[in-house]
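Peer 1: Take a look at this one; I'll ask things after.
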Amino acid sequence: MSTRTLVVVSAGLSVPSSTRLLADRLAQAGIEALATRGIDATAEVVELRAHARDLADNLVTGFPNTSLRAAIDTVVGADGLIAVTPIFSASYSGLFKTFFDVLDRESLTGKPVLLGATAGTARHSLALEHGMRPLFAYLRAVVAPTAVFAASEDWAGGDATGAALSERIRRAAGELADLVAQRPRALTADPFDNPTPFEALLADQ
């Protein structure tokens, strides 16, 4: 079996967070869905909370430091991407948007992406369609048809709502697995193809 890598970008702000919980479930479901298609897969997680200051620095300096560069390379080199954010004021979080703002505009072209979001109430669920999906369309990613939203009631609402969330996760993971299976394995980026500027190395000391 060929091994693929799913990379999870989680923009949760607390530890633990419902955003990370949803991200982990999506990743596990994605691995299982790929296994049924004869593809071995692993998952890596990029917690944006750990890079909040790095992202702010990148916005004002124009380049990432070593830690943020490693996170960006991990995302760009993924065979499939799972992007999960909390919803604030009917849109994705500023931290989530900032990360994708600092990526090269062509870096996600053609990459399979599964979208997920969390919020306190289900009325925020449309943010997946009117906010997140257009963002990744602009980045020319290939987004799975099913996006997964989890409100507070999905975690604590009993068997009915829990089963509904599990079904959405299973369906979305299957769609992501189909997209990943259709593409050749992603090649690992060569750091010498896009070397870090000398000034950036000095600034990161």
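In the structure tokens, chains take the letters A, B, ... in the order shown, each chain's residues start at 1, and ligands count up from 1 in the order shown.
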Hey, which bits of region 46-145 of chain A sit within 10 Å of region 161-174 of chain A, and for each residue what's the closest pair of atoms and how far apart in Å (one decimal), counting only C-alpha atoms, rows by chain and increasing number, as a tab-separated table?

Peer 2:
```
residue	atom	partner	partner_atom	distance
A:Ile82	CA	A:Ala173	CA	9.5
A:Leu114	CA	A:Ala172	CA	7.1
A:Leu115	CA	A:Ala172	CA	8.7
A:Gly116	CA	A:Ile169	CA	9.3
A:Ala144	CA	A:Ala172	CA	6.8
A:Pro145	CA	A:Ala172	CA	7.5
```

Peer 1: Considering only strand (DSSP E) as DSSP defines it on the backbone, what residues of chain A qualify? List them as an NGL selection string.

Peer 2: :A and (3-10 or 40-47 or 80-88 or 91-92 or 112-119 or 142-143 or 148-151)

Peer 1: Determine, using only C-alpha atoms, which residues of region 57-114 of chain A have any atom at most 6 Å from an atom of region 2-17 of chain A, and tabulate each with its shortest atom pair and distance in Å to one decimal place, rows ordered by chain and then rising number, as a tab-separated table.

Peer 2:
```
residue	atom	partner	partner_atom	distance
A:Ala78	CA	A:Thr5	CA	5.5
A:Asp79	CA	A:Thr5	CA	5.3
A:Gly80	CA	A:Leu6	CA	4.8
A:Leu81	CA	A:Val7	CA	5.0
A:Ile82	CA	A:Val8	CA	4.6
A:Ala83	CA	A:Val9	CA	4.8
A:Val84	CA	A:Ser10	CA	5.1
A:Thr85	CA	A:Ala11	CA	4.9
A:Phe96	CA	A:Ala11	CA	5.5
```

Peer 1: Those residues you just picked out, can you put them in a file as a PDB file, in the first residue's frame with N, CA, C and O atoms?

Peer 2:
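Result went into result.pdb, see below:
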```pdb
ATOM      1  N   ALA A  78       1.097  18.133   2.159  1.00  0.00           N
ATOM      2  CA  ALA A  78       0.104  17.107   2.499  1.00  0.00           C
ATOM      3  C   ALA A  78      -0.546  16.521   1.260  1.00  0.00           C
ATOM      4  O   ALA A  78      -0.699  17.196   0.235  1.00  0.00           O
ATOM      5  N   ASP A  79      -0.935  15.260   1.364  1.00  0.00           N
ATOM      6  CA  ASP A  79      -1.747  14.646   0.310  1.00  0.00           C
ATOM      7  C   ASP A  79      -3.202  15.085   0.427  1.00  0.00           C
ATOM      8  O   ASP A  79      -3.916  15.155  -0.571  1.00  0.00           O
ATOM      9  N   GLY A  80      -3.637  15.362   1.629  1.00  0.00           N
ATOM     10  CA  GLY A  80      -4.987  15.844   1.873  1.00  0.00           C
ATOM     11  C   GLY A  80      -4.976  16.755   3.087  1.00  0.00           C
ATOM     12  O   GLY A  80      -4.191  16.549   4.016  1.00  0.00           O
ATOM     13  N   LEU A  81      -5.823  17.765   3.075  1.00  0.00           N
ATOM     14  CA  LEU A  81      -5.861  18.749   4.151  1.00  0.00           C
ATOM     15  C   LEU A  81      -7.229  18.740   4.818  1.00  0.00           C
ATOM     16  O   LEU A  81      -8.261  18.719   4.147  1.00  0.00           O
ATOM     17  N   ILE A  82      -7.226  18.752   6.153  1.00  0.00           N
ATOM     18  CA  ILE A  82      -8.450  18.884   6.944  1.00  0.00           C
ATOM     19  C   ILE A  82      -8.341  20.208   7.695  1.00  0.00           C
ATOM     20  O   ILE A  82      -7.437  20.378   8.523  1.00  0.00           O
ATOM     21  N   ALA A  83      -9.211  21.160   7.376  1.00  0.00           N
ATOM     22  CA  ALA A  83      -9.123  22.503   7.941  1.00  0.00           C
ATOM     23  C   ALA A  83     -10.339  22.763   8.820  1.00  0.00           C
ATOM     24  O   ALA A  83     -11.475  22.739   8.337  1.00  0.00           O
ATOM     25  N   VAL A  84     -10.091  23.017  10.113  1.00  0.00           N
ATOM     26  CA  VAL A  84     -11.186  23.152  11.076  1.00  0.00           C
ATOM     27  C   VAL A  84     -10.999  24.443  11.877  1.00  0.00           C
ATOM     28  O   VAL A  84      -9.908  24.716  12.387  1.00  0.00           O
ATOM     29  N   THR A  85     -12.067  25.209  12.004  1.00  0.00           N
ATOM     30  CA  THR A  85     -12.000  26.477  12.725  1.00  0.00           C
ATOM     31  C   THR A  85     -13.221  26.672  13.609  1.00  0.00           C
ATOM     32  O   THR A  85     -14.307  26.187  13.280  1.00  0.00           O
ATOM     33  N   PHE A  96      -7.352  31.568  11.900  1.00  0.00           N
ATOM     34  CA  PHE A  96      -7.490  30.671  10.761  1.00  0.00           C
ATOM     35  C   PHE A  96      -7.239  31.415   9.452  1.00  0.00           C
ATOM     36  O   PHE A  96      -6.462  30.978   8.606  1.00  0.00           O
TER      37      PHE A  96
END
```

Peer 1: From the list A:Thr36, A:Asp154, A:Ser91, A:Ser18, which residue is nearest Pro134 (chain A) when using only C-alpha atoms?

Peer 2: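 Among the listed residues, the smallest separation from Pro134 (chain A) belongs to A:Ser91.
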
Peer 1: Have a look at A:Ala71, A:Ala127, A:Ala151, A:Gly38 and name the one nearest to Asp54 (chain A); count only C-alpha atoms.

Peer 2: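 Under the stated criterion, the closest residue is A:Ala71.
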
Peer 1: For the atom pair CA of Lys111 (chain A) and CA of Asp178 (chain A), what is the interatomic distance in Å to one decimal place?

Peer 2: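 Taking CA of Lys111 (chain A) as the start and CA of Asp178 (chain A) as the end point, the length is 12.3 Å.
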
Peer 1: Env of Phe136 (chain A): 12 Å cut, atoms = only C-alpha atoms, seq-sep filter 2 positions within chain, self excluded. Answer as an MDAnalysis selection string.

Peer 2: chainID A and resid 81:83 97 100:101 103 105:115 128:134 138:144
